[in-house]
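Structure file query31.cif with mmCIF, N, CA and C atoms:
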data_data
loop_
_atom_site.label_atom_id
_atom_site.label_comp_id
_atom_site.auth_asym_id
_atom_site.auth_seq_id
_atom_site.Cartn_x
_atom_site.Cartn_y
_atom_site.Cartn_z
N MET N 973 67.21 87.72 55.11
CA MET N 973 68.63 87.47 55.00
C MET N 973 69.41 88.58 55.70
N LYS N 974 70.42 88.20 56.43
CA LYS N 974 71.22 89.16 57.17
C LYS N 974 72.28 89.77 56.26
N THR N 975 72.35 91.07 56.29
CA THR N 975 73.39 91.74 55.50
C THR N 975 74.65 91.84 56.34
N PRO N 976 75.80 91.96 55.70
CA PRO N 976 77.06 92.10 56.44
C PRO N 976 77.03 93.30 57.39
N GLU N 977 76.38 94.38 56.99
CA GLU N 977 76.30 95.57 57.85
C GLU N 977 75.50 95.28 59.13
N LYS N 978 74.40 94.57 59.01
CA LYS N 978 73.60 94.21 60.19
C LYS N 978 74.38 93.28 61.10
N ILE N 979 75.11 92.37 60.53
CA ILE N 979 75.92 91.43 61.30
C ILE N 979 77.00 92.19 62.07
N ARG N 980 77.67 93.13 61.40
CA ARG N 980 78.71 93.95 62.06
C ARG N 980 78.12 94.76 63.20
N LYS N 981 76.96 95.38 62.98
CA LYS N 981 76.33 96.19 64.02
C LYS N 981 75.94 95.33 65.23
N ARG N 982 75.38 94.16 64.96
CA ARG N 982 74.99 93.26 66.04
C ARG N 982 76.21 92.80 66.83
N GLU N 983 77.28 92.46 66.13
CA GLU N 983 78.51 92.02 66.79
C GLU N 983 79.14 93.16 67.59
N SER N 984 79.12 94.35 67.06
CA SER N 984 79.65 95.52 67.75
C SER N 984 78.86 95.78 69.04
N ALA N 985 77.56 95.67 68.97
CA ALA N 985 76.71 95.88 70.15
C ALA N 985 76.96 94.79 71.19
N ARG N 986 77.14 93.56 70.74
CA ARG N 986 77.42 92.46 71.66
C ARG N 986 78.74 92.69 72.39
N LYS N 987 79.77 93.10 71.65
CA LYS N 987 81.07 93.37 72.27
C LYS N 987 81.00 94.53 73.25
N ALA N 988 80.23 95.56 72.93
CA ALA N 988 80.08 96.70 73.83
C ALA N 988 79.41 96.27 75.13
N ARG N 989 78.38 95.42 75.03
CA ARG N 989 77.72 94.90 76.24
C ARG N 989 78.69 94.08 77.08
N LYS N 990 79.47 93.25 76.41
CA LYS N 990 80.44 92.39 77.11
C LYS N 990 81.49 93.24 77.83
N ARG N 991 82.00 94.27 77.14
CA ARG N 991 82.99 95.16 77.78
C ARG N 991 82.40 95.82 79.02
N LYS N 992 81.18 96.31 78.90
CA LYS N 992 80.53 96.99 80.03
C LYS N 992 80.34 96.02 81.20
N GLU N 993 79.85 94.84 80.92
CA GLU N 993 79.64 93.84 81.98
C GLU N 993 80.96 93.44 82.63
N ASN N 994 81.97 93.18 81.82
CA ASN N 994 83.27 92.76 82.37
C ASN N 994 83.94 93.87 83.16
N ARG N 995 83.81 95.12 82.71
CA ARG N 995 84.37 96.24 83.48
C ARG N 995 83.75 96.31 84.87
N GLU N 996 82.43 96.17 84.92
CA GLU N 996 81.73 96.23 86.20
C GLU N 996 82.14 95.05 87.09
N ARG N 997 82.21 93.87 86.53
CA ARG N 997 82.63 92.69 87.31
C ARG N 997 84.05 92.85 87.82
N LEU N 998 84.95 93.38 86.97
CA LEU N 998 86.34 93.59 87.39
C LEU N 998 86.43 94.64 88.49
N ARG N 999 85.62 95.69 88.39
CA ARG N 999 85.61 96.73 89.42
C ARG N 999 85.22 96.13 90.76
N LEU N 1000 84.15 95.35 90.76
CA LEU N 1000 83.70 94.73 92.01
C LEU N 1000 84.71 93.70 92.52
N MET N 1001 85.30 92.94 91.62
CA MET N 1001 86.29 91.94 92.00
C MET N 1001 87.51 92.62 92.63
N LYS N 1002 87.93 93.73 92.05
CA LYS N 1002 89.08 94.47 92.57
C LYS N 1002 88.79 94.99 93.98
N GLN N 1003 87.61 95.59 94.16
CA GLN N 1003 87.24 96.11 95.47
C GLN N 1003 87.15 94.98 96.50
N TRP N 1004 86.54 93.87 96.11
CA TRP N 1004 86.37 92.75 97.03
C TRP N 1004 87.70 92.14 97.43
N ARG N 1005 88.60 91.94 96.46
CA ARG N 1005 89.91 91.35 96.79
C ARG N 1005 90.72 92.28 97.68
N TYR N 1006 90.63 93.58 97.46
CA TYR N 1006 91.34 94.53 98.31
C TYR N 1006 90.77 94.47 99.73
N PHE N 1007 89.45 94.41 99.83
CA PHE N 1007 88.81 94.32 101.14
C PHE N 1007 89.23 93.05 101.86
N ARG N 1008 89.25 91.92 101.17
CA ARG N 1008 89.66 90.65 101.78
C ARG N 1008 91.09 90.72 102.29
N ARG N 1009 91.96 91.41 101.55
CA ARG N 1009 93.37 91.50 101.93
C ARG N 1009 93.60 92.47 103.07
N THR N 1010 92.87 93.60 103.09
CA THR N 1010 93.17 94.67 104.05
C THR N 1010 92.10 94.89 105.11
N GLY N 1011 90.88 94.46 104.85
CA GLY N 1011 89.78 94.76 105.77
C GLY N 1011 89.21 96.15 105.57
N ARG N 1012 89.70 96.86 104.56
CA ARG N 1012 89.20 98.21 104.26
C ARG N 1012 88.50 98.19 102.90
N TRP N 1013 87.36 98.88 102.82
CA TRP N 1013 86.64 98.97 101.55
C TRP N 1013 87.06 100.26 100.86
N GLU N 1014 87.50 100.15 99.64
CA GLU N 1014 87.88 101.34 98.85
C GLU N 1014 86.73 101.64 97.90
N TRP N 1015 86.11 102.80 98.09
CA TRP N 1015 84.94 103.16 97.29
C TRP N 1015 85.31 103.57 95.87
N ASP N 1016 86.51 104.05 95.68
CA ASP N 1016 86.92 104.47 94.34
C ASP N 1016 87.92 103.45 93.78
N PRO N 1017 87.45 102.54 92.93
CA PRO N 1017 88.34 101.49 92.42
C PRO N 1017 89.48 102.00 91.55
N THR N 1018 89.43 103.27 91.13
CA THR N 1018 90.54 103.80 90.34
C THR N 1018 91.79 103.96 91.21
N HIS N 1019 91.63 103.91 92.54
CA HIS N 1019 92.77 103.99 93.45
C HIS N 1019 93.42 102.62 93.66
N LEU N 1020 92.82 101.60 93.08
CA LEU N 1020 93.32 100.23 93.25
C LEU N 1020 93.95 99.74 91.96
N HIS N 1021 95.01 98.96 92.11
CA HIS N 1021 95.74 98.46 90.94
C HIS N 1021 95.89 96.94 91.03
N TRP N 1022 95.78 96.28 89.88
CA TRP N 1022 96.12 94.86 89.80
C TRP N 1022 97.64 94.79 89.71
N HIS N 1023 98.25 93.98 90.55
CA HIS N 1023 99.70 93.80 90.50
C HIS N 1023 100.00 92.32 90.30
N HIS N 1024 100.74 92.01 89.25
CA HIS N 1024 101.14 90.62 88.99
C HIS N 1024 102.27 90.27 89.95
N ARG N 1025 102.03 89.25 90.77
CA ARG N 1025 103.05 88.82 91.73
C ARG N 1025 104.31 88.36 91.03
N ASP N 1026 104.15 87.68 89.91
CA ASP N 1026 105.29 87.21 89.12
C ASP N 1026 105.15 87.78 87.71
N PRO N 1027 105.93 88.81 87.38
CA PRO N 1027 105.80 89.43 86.06
C PRO N 1027 105.97 88.44 84.90
N GLY N 1028 106.66 87.35 85.13
CA GLY N 1028 106.84 86.34 84.09
C GLY N 1028 105.54 85.63 83.72
N MET N 1029 104.58 85.65 84.63
CA MET N 1029 103.29 85.00 84.38
C MET N 1029 102.30 85.94 83.68
N LYS N 1030 102.67 87.20 83.56
CA LYS N 1030 101.77 88.20 82.99
C LYS N 1030 101.68 88.02 81.48
N THR N 1031 100.46 87.88 80.98
CA THR N 1031 100.29 87.80 79.54
C THR N 1031 99.79 89.12 78.98
N ARG N 1032 98.92 89.79 79.73
CA ARG N 1032 98.40 91.10 79.33
C ARG N 1032 97.99 91.86 80.57
N LYS N 1033 97.83 93.17 80.43
CA LYS N 1033 97.29 93.96 81.52
C LYS N 1033 95.84 93.53 81.71
N VAL N 1034 95.39 93.49 82.94
CA VAL N 1034 94.02 93.06 83.23
C VAL N 1034 93.01 93.97 82.53
N CYS N 1035 93.27 95.27 82.53
CA CYS N 1035 92.32 96.20 81.91
C CYS N 1035 92.18 95.98 80.40
N HIS N 1036 93.15 95.31 79.79
CA HIS N 1036 93.06 95.05 78.35
C HIS N 1036 92.29 93.77 78.03
N LEU N 1037 91.81 93.10 79.05
CA LEU N 1037 91.12 91.82 78.83
C LEU N 1037 89.60 91.94 78.84
N VAL N 1038 89.06 93.16 78.90
CA VAL N 1038 87.61 93.31 79.06
C VAL N 1038 86.80 92.72 77.92
N THR N 1039 87.39 92.53 76.77
CA THR N 1039 86.64 91.93 75.66
C THR N 1039 86.77 90.41 75.63
N ARG N 1040 87.56 89.86 76.51
CA ARG N 1040 87.78 88.41 76.56
C ARG N 1040 86.70 87.75 77.42
N SER N 1041 86.74 86.44 77.45
CA SER N 1041 85.78 85.70 78.27
C SER N 1041 86.12 85.89 79.74
N TRP N 1042 85.12 85.72 80.60
CA TRP N 1042 85.36 85.87 82.03
C TRP N 1042 86.35 84.81 82.51
N LYS N 1043 86.30 83.63 81.92
CA LYS N 1043 87.25 82.56 82.27
C LYS N 1043 88.68 83.02 82.01
N ARG N 1044 88.92 83.65 80.88
CA ARG N 1044 90.26 84.15 80.53
C ARG N 1044 90.70 85.26 81.49
N ILE N 1045 89.77 86.13 81.84
CA ILE N 1045 90.08 87.21 82.79
C ILE N 1045 90.46 86.61 84.14
N MET N 1046 89.71 85.63 84.59
CA MET N 1046 89.99 84.99 85.89
C MET N 1046 91.35 84.29 85.87
N GLN N 1047 91.72 83.70 84.76
CA GLN N 1047 93.04 83.07 84.66
C GLN N 1047 94.14 84.09 84.88
N GLU N 1048 93.96 85.29 84.35
CA GLU N 1048 94.98 86.32 84.50
C GLU N 1048 95.00 86.89 85.92
N ILE N 1049 93.84 87.15 86.51
CA ILE N 1049 93.85 87.78 87.83
C ILE N 1049 94.21 86.80 88.95
N GLU N 1050 94.23 85.51 88.64
CA GLU N 1050 94.71 84.55 89.64
C GLU N 1050 96.18 84.78 89.95
N HIS N 1051 96.90 85.44 89.04
CA HIS N 1051 98.32 85.73 89.24
C HIS N 1051 98.53 87.10 89.89
N CYS N 1052 97.43 87.76 90.28
CA CYS N 1052 97.51 89.15 90.75
C CYS N 1052 97.10 89.30 92.20
N VAL N 1053 97.56 90.39 92.77
CA VAL N 1053 97.11 90.86 94.07
C VAL N 1053 96.66 92.30 93.84
N VAL N 1054 95.67 92.75 94.61
CA VAL N 1054 95.18 94.11 94.46
C VAL N 1054 95.87 94.99 95.49
N LEU N 1055 96.49 96.07 94.99
CA LEU N 1055 97.19 97.02 95.84
C LEU N 1055 96.57 98.40 95.64
N ASP N 1056 96.66 99.25 96.68
CA ASP N 1056 96.25 100.63 96.44
C ASP N 1056 97.39 101.32 95.70
N ARG N 1057 97.10 102.50 95.19
CA ARG N 1057 98.07 103.21 94.33
C ARG N 1057 99.40 103.42 95.05
N GLU N 1058 99.35 103.84 96.31
CA GLU N 1058 100.58 104.15 97.05
C GLU N 1058 101.43 102.89 97.26
N GLU N 1059 100.78 101.78 97.62
CA GLU N 1059 101.51 100.51 97.79
C GLU N 1059 102.18 100.10 96.48
N HIS N 1060 101.44 100.26 95.38
CA HIS N 1060 101.95 99.85 94.09
C HIS N 1060 103.16 100.69 93.68
N LEU N 1061 103.08 102.00 93.90
CA LEU N 1061 104.22 102.86 93.59
C LEU N 1061 105.43 102.50 94.45
N ASP N 1062 105.21 102.27 95.74
CA ASP N 1062 106.30 101.90 96.64
C ASP N 1062 106.94 100.58 96.20
N LEU N 1063 106.11 99.62 95.84
CA LEU N 1063 106.60 98.31 95.43
C LEU N 1063 107.53 98.40 94.21
N HIS N 1064 107.19 99.30 93.31
CA HIS N 1064 108.00 99.45 92.10
C HIS N 1064 109.07 100.53 92.23
N GLY N 1065 109.24 101.05 93.45
CA GLY N 1065 110.27 102.05 93.68
C GLY N 1065 109.99 103.39 93.04
N LEU N 1066 108.72 103.71 92.88
CA LEU N 1066 108.33 104.97 92.23
C LEU N 1066 107.66 105.91 93.23
N SER N 1067 108.07 105.85 94.48
CA SER N 1067 107.39 106.62 95.52
C SER N 1067 107.48 108.13 95.26
N MET N 1068 108.41 108.59 94.43
CA MET N 1068 108.49 110.01 94.13
C MET N 1068 107.28 110.49 93.34
N LEU N 1069 106.48 109.57 92.80
CA LEU N 1069 105.26 109.93 92.06
C LEU N 1069 104.03 110.01 92.97
N ARG N 1070 104.22 109.76 94.25
CA ARG N 1070 103.10 109.77 95.20
C ARG N 1070 102.46 111.15 95.24
N THR N 1071 101.16 111.15 95.43
CA THR N 1071 100.44 112.41 95.60
C THR N 1071 100.31 112.70 97.08
N LYS N 1072 100.19 113.94 97.40
CA LYS N 1072 100.08 114.34 98.82
C LYS N 1072 98.70 114.02 99.34
#

Could the structure of this file be written out as structure tokens, please?
Amino acid sequence: MKTPEKIRKRESARKARKRKENRERLRLMKQWRYFRRTGRWEWDPTHLHWHHRDPGMKTRKVCHLVTRSWKRIMQEIEHCVVLDREEHLDLHGLSMLRTK
């Protein structure tokens, strides 16, 4: 018989695996979409940002969806374009935050 503690541990481990898998898939998806848009490969995905083309369509930040199903993640990123950090800051009028 399964105890509640064993069930919680198993569920926690399953969610941790899912988060890890989804983070990796999102990292590769972000790099690939940026490459398709610009023809340049960005090796450090932390320099890339998901940008919602229409903020009204945004339900959550993409990074907050790692525990959701891949189908749900894909629904959200269909509304996004991948920008590098500098493009994203310029787009939002925050160019004063640019790094040298």

Do you know which residues are at most 6.5 Å from region 998-1009 of chain N counting all atoms listed in the file, after dropping those on the same chain fewer than 6 positions away, and could you put them as a PyMOL selection string? chain N and resi 1017+1054-1055

One number please: CA of Glu977 (chain N) to CA of Val1038 (chain N), in Å, one decimal.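 CA of Glu977 (chain N) sits 24.1 Å away from CA of Val1038 (chain N).
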
Correct to one decimal, the distance CA of Thr1031 (chain N)-CA of Arg980 (chain N) is 28.4 Å

Separation of CA of Arg989 (chain N) from CA of Ser1041 (chain N) in Å: 12.4 Å

Please, which residues of chain N, numbered as in this document, come out helix (DSSP H, G or I) from DSSP, as an MDAnalysis selection string? chainID N and resid 976:1010 1017:1019 1027:1029 1034:1037 1042:1049 1057:1063 1067:1069

What are the DSSP strand (DSSP E or B) residues of chain N, as a PyMOL selection string? chain N and resi 1020-1024+1052-1056

Run the PyMOL selection byres ((chain N and resi 1022) around 8) on the file and write out the hits as a ChimeraX atom specification. /N:1002,1019-1021,1023-1025,1034-1035,1049,1051-1056,1060
